[in-house]
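**Student:** I have a structure I would like to understand better, so I am pasting it below and will then ask my questions one at a time.
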Amino acid sequence: MDTTQIALAQRVQQIKPSPTLAVNAKAKALKASGADVLNFSVGEPDFDTPEHVREAGKQAIDAGHTRYTAVPGIIELREAICRRFADDHGWLYTPEQIQVACGGKHGLYNMAQALFNPGDEVLIPTPYWVSYPPIVLLAGATPVLVPLDENDDFDLNPEILRQYVTPRTRAIILNSPSNPTGALFSRKALEAIAEMALERGWVIISDDIYDTITFGNTPLPHILDVDPKLQEQTLVLNGVSKSFAMTGWRIGYTAGPKHIIAAMNKIQSQSTSNPSSVAQYAALAAVTGPQDFPGVMRQAFLPRREYMVNTLRTMPGVTCVQPAGAFYVFPNMASYYGRSFGGKPITGSVDLSEFLLDEALVAVVPGAAFGADQFIRFSFATAMEVIEEGLRRVNTALAKLI
Ligand SMILES: *Cc1c(COP(=O)(O)O)cnc(C)c1O
C-alpha cells in the first residue's frame, strides 16, 4: 500500500500553514547556510522574559506545580486577571468568566469552536492577522473580509462595514492596535460597531494583545468603554506573549460571558486539558508583579518606529502610515509591482519579498499573508543597527527594479 495516498480531512485542505512562520523559517535557513540575513519578519519582542517572571517559572517547578491544573487555569491566575481588568479598565469579571489557554491564538481557536456553525459569517477587518480566517474556517464558518483603507489610517469605515453585513453575520473580530498595520480603531468607528452589534446581537471578539504597546498620549479607545452593556456579548482576548515577551510560554486568556467561557472550557477539557502548569505560575508573576515592563519595551520601540517610518517614506513610490501601536510598519510598495529584475517580473508582495530576501538579504512578510497584497510588513522588534542597515539595503535593491 502506498501510504502517501492516505486521504486527509477536508478541513485541512481549506487552510495553509502560517505564512509568517514560513518566511521566518526560510530566513533562518539562509542564515544557517552562512548568509548575512537581516530579519524583519519576526512577530515577537526582541526582549527576554523579565527576570522575576523567569524566577517564578523555576520556583513553580521546584514547588511541585507540575501536575494537571483546573481546565480554565489556576484560580490564582484567573483572580489576578480579574483584578488587572478592574484596575486597568474598570471592567468587572468573576473568575468563571475567564479562561486561560495555550496562548492567545489558542483562546481564539477555543472561541471559534465554541461559537460558530457552518453558514455563520464572521466579519474580519482587512489587513487582518494571519490566523483569523483559518481559525474561522476550521470552525466551519465563513470569514467575511472587510477592507480597511490606508488613506483612513486603516481605521474602520462604518459605511463600508455595512456593505458586508448579512442576516448570517454572527461576529466581528477587532484588533486594535493591529498586527500588521499598528493602527487603532477610533472611538467613532467603535461607536458605529457597537450600535450595529447591539441591534443585531453580534458577538464582538476584541483581540487586545498589543494594548500595552502604544505610542500615543491618549488612552486607547475600547469597545467596552463605548457601552458597558456590550460586556454581555464581547469576548476580550489578551495574554502575556507580547506584553511580557513570553511568546514561548504559551499563555493567553479570554474574558467574556459565563456560558461562552463554559463552552470554551468544554472544548479545552477535551483537547489540551489545561495550559502548562509552570507557564501559568510564570504568567501569575507577570500579571501580579510590576507593570513597567511594557513601558520599557515601548521606550525602546519608539525611536525605531520613528526611524523606520521616516526612512521608508523617503523611498520613491513608498507610502507608509505611522503605526500607533504594536511593533510593525506596513508600507505600501505596490508602485514596484509590474517592474522586473533580471527579466523576472515582480507581480505582487510575494515576489517583492522574495526579491528582497534574495537580492538584499532582508526578510520581510508579504502583505498577501494579511489579505493586503499592496503592502509589506516590517517588524521593528529588532536592533536599531539592523534597521539602519536593512533599510539601506532595501533602498539599494528597490533602485535595481526597472
Ligand atoms: C501574537 C498575537 C496573538 C497571540 O499570540 P500567542 O502567542 O498565541 O499568545 C494574538 N493576536 C495577534 C494579532 C497577535 O499578533
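Simple scheme: letters A, B, ... for chains in C-alpha cells order, numbers from 1 for residues in each chain, numbers from 1 for ligands in the order shown.
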Do a neighbour search on Thr20 (chain A) at 8 Å with only C-alpha atoms, toss out local chain neighbours closer than 6 positions, and write the hits as a list in words.
**Tutor:** Ser41, Val42, Gly43, Val130, Val365 and Ala369 of chain A
**Student:** Could you tell me, as a PyMOL selection string, which residues of region 191-373 of chain A DSSP assigns to helix (DSSP H, G or I) when given the backbone?
**Tutor:** chain A and resi 191-200+223-226+228-233+247-249+258-269+277-288+293-314+334-336+349-360+367-370
**Student:** May I have the residues within 10 Å of ligand 1, computed using only C-alpha atoms and all ligand atoms, as a PyMOL selection string?
**Tutor:** chain A and resi 43-45+101-109+128-132+174-180+182+206-210+237-243+245-253+326-328
**Student:** Might you pull out every residue within 12 Å of Phe378 (chain A), with only C-alpha atoms counted and same-chain residues fewer than 6 positions away left off, and present them as a PDB file with N, CA and C atoms, in the first residue's frame?
**Tutor:**
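What follows is the written file result_19.pdb:
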```
ATOM      1  N   THR A  20       3.629  33.705   7.988  1.00  0.00           N
ATOM      2  CA  THR A  20       4.661  34.467   8.705  1.00  0.00           C
ATOM      3  C   THR A  20       5.711  33.506   9.254  1.00  0.00           C
ATOM      4  N   LEU A  38      19.210  39.880   7.365  1.00  0.00           N
ATOM      5  CA  LEU A  38      18.634  40.754   8.390  1.00  0.00           C
ATOM      6  C   LEU A  38      17.140  40.463   8.428  1.00  0.00           C
ATOM      7  N   ASN A  39      16.641  40.134   9.614  1.00  0.00           N
ATOM      8  CA  ASN A  39      15.288  39.591   9.711  1.00  0.00           C
ATOM      9  C   ASN A  39      14.273  40.600  10.257  1.00  0.00           C
ATOM     10  N   PHE A  40      13.359  41.019   9.381  1.00  0.00           N
ATOM     11  CA  PHE A  40      12.280  41.931   9.800  1.00  0.00           C
ATOM     12  C   PHE A  40      10.934  41.211   9.811  1.00  0.00           C
ATOM     13  N   SER A  41      10.990  39.885   9.808  1.00  0.00           N
ATOM     14  CA  SER A  41       9.732  39.133   9.714  1.00  0.00           C
ATOM     15  C   SER A  41       9.243  38.657  11.074  1.00  0.00           C
ATOM     16  N   VAL A  42      10.001  38.978  12.119  1.00  0.00           N
ATOM     17  CA  VAL A  42       9.727  38.398  13.428  1.00  0.00           C
ATOM     18  C   VAL A  42       8.488  39.021  14.078  1.00  0.00           C
ATOM     19  N   GLY A  43       7.632  38.177  14.628  1.00  0.00           N
ATOM     20  CA  GLY A  43       6.401  38.655  15.259  1.00  0.00           C
ATOM     21  C   GLY A  43       6.440  38.567  16.765  1.00  0.00           C
ATOM     22  N   ASN A 179      -2.033  43.992  14.322  1.00  0.00           N
ATOM     23  CA  ASN A 179      -0.985  43.306  13.593  1.00  0.00           C
ATOM     24  C   ASN A 179      -1.637  42.924  12.266  1.00  0.00           C
ATOM     25  N   PRO A 180      -1.243  43.459  11.129  1.00  0.00           N
ATOM     26  CA  PRO A 180       0.051  44.028  10.776  1.00  0.00           C
ATOM     27  C   PRO A 180       0.156  45.552  10.702  1.00  0.00           C
ATOM     28  N   THR A 181      -0.943  46.324  10.838  1.00  0.00           N
ATOM     29  CA  THR A 181      -0.836  47.753  10.472  1.00  0.00           C
ATOM     30  C   THR A 181      -0.358  48.639  11.610  1.00  0.00           C
ATOM     31  N   GLY A 182      -0.499  48.187  12.853  1.00  0.00           N
ATOM     32  CA  GLY A 182      -0.183  49.032  14.003  1.00  0.00           C
ATOM     33  C   GLY A 182      -1.244  50.091  14.252  1.00  0.00           C
ATOM     34  N   ARG A 304      12.887  53.479  17.058  1.00  0.00           N
ATOM     35  CA  ARG A 304      12.973  52.570  15.905  1.00  0.00           C
ATOM     36  C   ARG A 304      11.798  52.819  14.968  1.00  0.00           C
ATOM     37  N   ARG A 305      10.615  53.011  15.579  1.00  0.00           N
ATOM     38  CA  ARG A 305       9.440  53.289  14.760  1.00  0.00           C
ATOM     39  C   ARG A 305       9.642  54.576  13.961  1.00  0.00           C
ATOM     40  N   MET A 308      12.154  54.059  11.166  1.00  0.00           N
ATOM     41  CA  MET A 308      11.662  53.178  10.112  1.00  0.00           C
ATOM     42  C   MET A 308      10.627  53.878   9.232  1.00  0.00           C
ATOM     43  N   VAL A 309       9.666  54.533   9.864  1.00  0.00           N
ATOM     44  CA  VAL A 309       8.616  55.219   9.105  1.00  0.00           C
ATOM     45  C   VAL A 309       9.239  56.325   8.263  1.00  0.00           C
ATOM     46  N   LEU A 312      11.361  54.840   5.337  1.00  0.00           N
ATOM     47  CA  LEU A 312      10.526  54.242   4.286  1.00  0.00           C
ATOM     48  C   LEU A 312       9.849  55.333   3.457  1.00  0.00           C
ATOM     49  N   CYS A 320       3.578  55.218   3.747  1.00  0.00           N
ATOM     50  CA  CYS A 320       3.658  54.468   4.993  1.00  0.00           C
ATOM     51  C   CYS A 320       2.883  55.164   6.092  1.00  0.00           C
ATOM     52  N   PRO A 323       2.402  53.781  12.529  1.00  0.00           N
ATOM     53  CA  PRO A 323       1.667  52.891  13.428  1.00  0.00           C
ATOM     54  C   PRO A 323       1.487  53.516  14.815  1.00  0.00           C
ATOM     55  N   ALA A 326       1.717  48.419  18.672  1.00  0.00           N
ATOM     56  CA  ALA A 326       2.379  47.165  18.260  1.00  0.00           C
ATOM     57  C   ALA A 326       3.812  47.456  17.788  1.00  0.00           C
ATOM     58  N   PHE A 327       4.430  46.540  17.053  1.00  0.00           N
ATOM     59  CA  PHE A 327       5.813  46.802  16.617  1.00  0.00           C
ATOM     60  C   PHE A 327       6.032  46.466  15.151  1.00  0.00           C
ATOM     61  N   TYR A 328       5.052  46.922  14.323  1.00  0.00           N
ATOM     62  CA  TYR A 328       5.149  46.679  12.884  1.00  0.00           C
ATOM     63  C   TYR A 328       4.889  47.964  12.115  1.00  0.00           C
ATOM     64  N   VAL A 329       5.535  48.102  10.949  1.00  0.00           N
ATOM     65  CA  VAL A 329       5.095  49.106   9.978  1.00  0.00           C
ATOM     66  C   VAL A 329       4.671  48.358   8.720  1.00  0.00           C
ATOM     67  N   PHE A 330       3.740  48.980   7.994  1.00  0.00           N
ATOM     68  CA  PHE A 330       3.088  48.285   6.894  1.00  0.00           C
ATOM     69  C   PHE A 330       3.053  49.194   5.669  1.00  0.00           C
ATOM     70  N   PRO A 331       4.246  49.442   5.066  1.00  0.00           N
ATOM     71  CA  PRO A 331       4.292  50.355   3.925  1.00  0.00           C
ATOM     72  C   PRO A 331       3.642  49.774   2.666  1.00  0.00           C
ATOM     73  N   ASN A 332       3.087  50.676   1.865  1.00  0.00           N
ATOM     74  CA  ASN A 332       2.541  50.324   0.551  1.00  0.00           C
ATOM     75  C   ASN A 332       3.677  50.400  -0.459  1.00  0.00           C
ATOM     76  N   MET A 333       4.016  49.275  -1.074  1.00  0.00           N
ATOM     77  CA  MET A 333       5.120  49.225  -2.030  1.00  0.00           C
ATOM     78  C   MET A 333       4.647  48.799  -3.409  1.00  0.00           C
ATOM     79  N   SER A 353       8.873  40.366  -1.809  1.00  0.00           N
ATOM     80  CA  SER A 353       9.514  39.858  -0.585  1.00  0.00           C
ATOM     81  C   SER A 353      10.624  38.874  -0.937  1.00  0.00           C
ATOM     82  N   LEU A 356      13.564  40.841  -2.188  1.00  0.00           N
ATOM     83  CA  LEU A 356      14.314  41.500  -1.103  1.00  0.00           C
ATOM     84  C   LEU A 356      15.154  40.484  -0.328  1.00  0.00           C
ATOM     85  N   VAL A 362      17.268  40.625   3.077  1.00  0.00           N
ATOM     86  CA  VAL A 362      16.364  41.226   4.058  1.00  0.00           C
ATOM     87  C   VAL A 362      15.059  40.418   4.050  1.00  0.00           C
ATOM     88  N   ALA A 363      14.681  39.886   5.220  1.00  0.00           N
ATOM     89  CA  ALA A 363      13.459  39.089   5.307  1.00  0.00           C
ATOM     90  C   ALA A 363      12.306  39.952   5.800  1.00  0.00           C
ATOM     91  N   VAL A 364      11.230  39.991   5.010  1.00  0.00           N
ATOM     92  CA  VAL A 364      10.016  40.732   5.371  1.00  0.00           C
ATOM     93  C   VAL A 364       8.832  39.811   5.102  1.00  0.00           C
ATOM     94  N   VAL A 365       7.629  40.223   5.530  1.00  0.00           N
ATOM     95  CA  VAL A 365       6.459  39.381   5.282  1.00  0.00           C
ATOM     96  C   VAL A 365       5.587  40.047   4.213  1.00  0.00           C
ATOM     97  N   PRO A 366       5.253  39.316   3.153  1.00  0.00           N
ATOM     98  CA  PRO A 366       4.402  39.894   2.107  1.00  0.00           C
ATOM     99  C   PRO A 366       3.015  40.224   2.642  1.00  0.00           C
ATOM    100  N   GLY A 367       2.479  41.371   2.199  1.00  0.00           N
ATOM    101  CA  GLY A 367       1.143  41.778   2.625  1.00  0.00           C
ATOM    102  C   GLY A 367       0.075  40.754   2.282  1.00  0.00           C
ATOM    103  N   VAL A 386      20.418  47.061  12.983  1.00  0.00           N
ATOM    104  CA  VAL A 386      19.860  46.145  11.976  1.00  0.00           C
ATOM    105  C   VAL A 386      18.854  46.899  11.101  1.00  0.00           C
ATOM    106  N   ILE A 387      18.049  47.751  11.741  1.00  0.00           N
ATOM    107  CA  ILE A 387      17.051  48.527  10.995  1.00  0.00           C
ATOM    108  C   ILE A 387      17.750  49.472  10.015  1.00  0.00           C
ATOM    109  N   GLY A 390      19.407  47.377   7.262  1.00  0.00           N
ATOM    110  CA  GLY A 390      18.374  46.693   6.474  1.00  0.00           C
ATOM    111  C   GLY A 390      17.681  47.643   5.513  1.00  0.00           C
ATOM    112  N   LEU A 391      17.325  48.846   5.999  1.00  0.00           N
ATOM    113  CA  LEU A 391      16.611  49.779   5.134  1.00  0.00           C
ATOM    114  C   LEU A 391      17.530  50.348   4.055  1.00  0.00           C
ATOM    115  N   VAL A 394      17.378  47.727   1.464  1.00  0.00           N
ATOM    116  CA  VAL A 394      16.089  47.745   0.751  1.00  0.00           C
ATOM    117  C   VAL A 394      16.092  48.861  -0.291  1.00  0.00           C
TER     118      VAL A 394
END
```
**Student:** To one decimal place in Å, what is the distance between CA of Thr142 (chain A) and CA of Glu121 (chain A)?
**Tutor:**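 These two atoms are separated by 4.8 Å.
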**Student:** Rank nothing, just name the residue among A:Ala9, A:Tyr68, A:Gly34, A:Glu306 nearest to Gln280 (chain A), using only C-alpha atoms.
**Tutor:** A:Tyr68
**Student:** Would you list the contacts of region 335-343 of chain A as an MDAnalysis selection string, taking every protein, DNA or RNA residue within 9 Å and counting only C-alpha atoms, but skipping same-chain residues closer than 4 positions in sequence?
**Tutor:** chainID A and resid 316:318 347:349 351:352 355 374 398 400:402
**Student:** With only C-alpha atoms as the atoms that count, which of A:Arg67, A:Leu184, A:Leu123, A:Leu138 lies nearest to Gln14 (chain A)?
**Tutor:**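 The shortest atom-to-atom distance to Gln14 (chain A) comes from A:Leu138.
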**Student:** Looking at A:Thr319, A:Thr169, A:Gln97, A:Thr272, which one is nearest to Val236 (chain A), with distances taken over only C-alpha atoms?
**Tutor:**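 So, comparing all the options, the nearest one is A:Gln97.
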**Student:** What's the 8 Å shell around region 290-302 of chain A, counting only C-alpha atoms, without same-chain residues fewer than 5 positions away, as a PyMOL selection string?
**Tutor:** chain A and resi 47+50+212-215+243-244+327+380-381
**Student:** Once you have the residues from the selection above, write them out as a short mmCIF file (atom, residue, chain, number, x, y, z; two decimals), in the first residue's frame, restricted to N, CA, C and O atoms.
**Tutor:**
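Output (selection_20.cif):
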```
data_model
loop_
_atom_site.label_atom_id
_atom_site.label_comp_id
_atom_site.auth_asym_id
_atom_site.auth_seq_id
_atom_site.Cartn_x
_atom_site.Cartn_y
_atom_site.Cartn_z
N PHE A 47 13.06 41.02 23.34
CA PHE A 47 13.43 41.15 24.75
C PHE A 47 13.35 39.78 25.39
O PHE A 47 12.58 38.94 24.93
N PRO A 50 11.00 38.99 31.56
CA PRO A 50 11.59 39.64 32.74
C PRO A 50 12.04 38.62 33.79
O PRO A 50 11.44 37.56 33.94
N THR A 212 -0.84 47.13 25.51
CA THR A 212 0.13 47.82 26.37
C THR A 212 1.27 48.42 25.55
O THR A 212 2.15 49.07 26.10
N ILE A 213 1.28 48.17 24.23
CA ILE A 213 2.35 48.70 23.38
C ILE A 213 1.76 49.74 22.44
O ILE A 213 1.43 49.47 21.29
N THR A 214 1.56 50.96 22.96
CA THR A 214 1.02 52.06 22.15
C THR A 214 1.92 53.27 22.31
O THR A 214 2.62 53.40 23.31
N PHE A 215 1.89 54.16 21.30
CA PHE A 215 2.85 55.26 21.27
C PHE A 215 2.22 56.63 21.48
O PHE A 215 2.92 57.63 21.53
N SER A 243 3.10 41.46 25.78
CA SER A 243 3.33 42.48 26.82
C SER A 243 4.46 42.12 27.77
O SER A 243 5.10 42.99 28.34
N PHE A 244 4.73 40.82 27.96
CA PHE A 244 5.83 40.41 28.83
C PHE A 244 6.87 39.56 28.11
O PHE A 244 7.64 38.85 28.75
N PHE A 327 4.43 46.54 17.05
CA PHE A 327 5.81 46.80 16.62
C PHE A 327 6.03 46.47 15.15
O PHE A 327 7.01 45.83 14.78
N PHE A 380 9.70 46.13 13.79
CA PHE A 380 10.81 46.87 14.40
C PHE A 380 11.18 46.31 15.78
O PHE A 380 11.83 46.99 16.58
N ALA A 381 10.83 45.05 16.00
CA ALA A 381 11.30 44.37 17.21
C ALA A 381 12.68 43.80 16.93
O ALA A 381 12.93 42.59 17.05
#
```
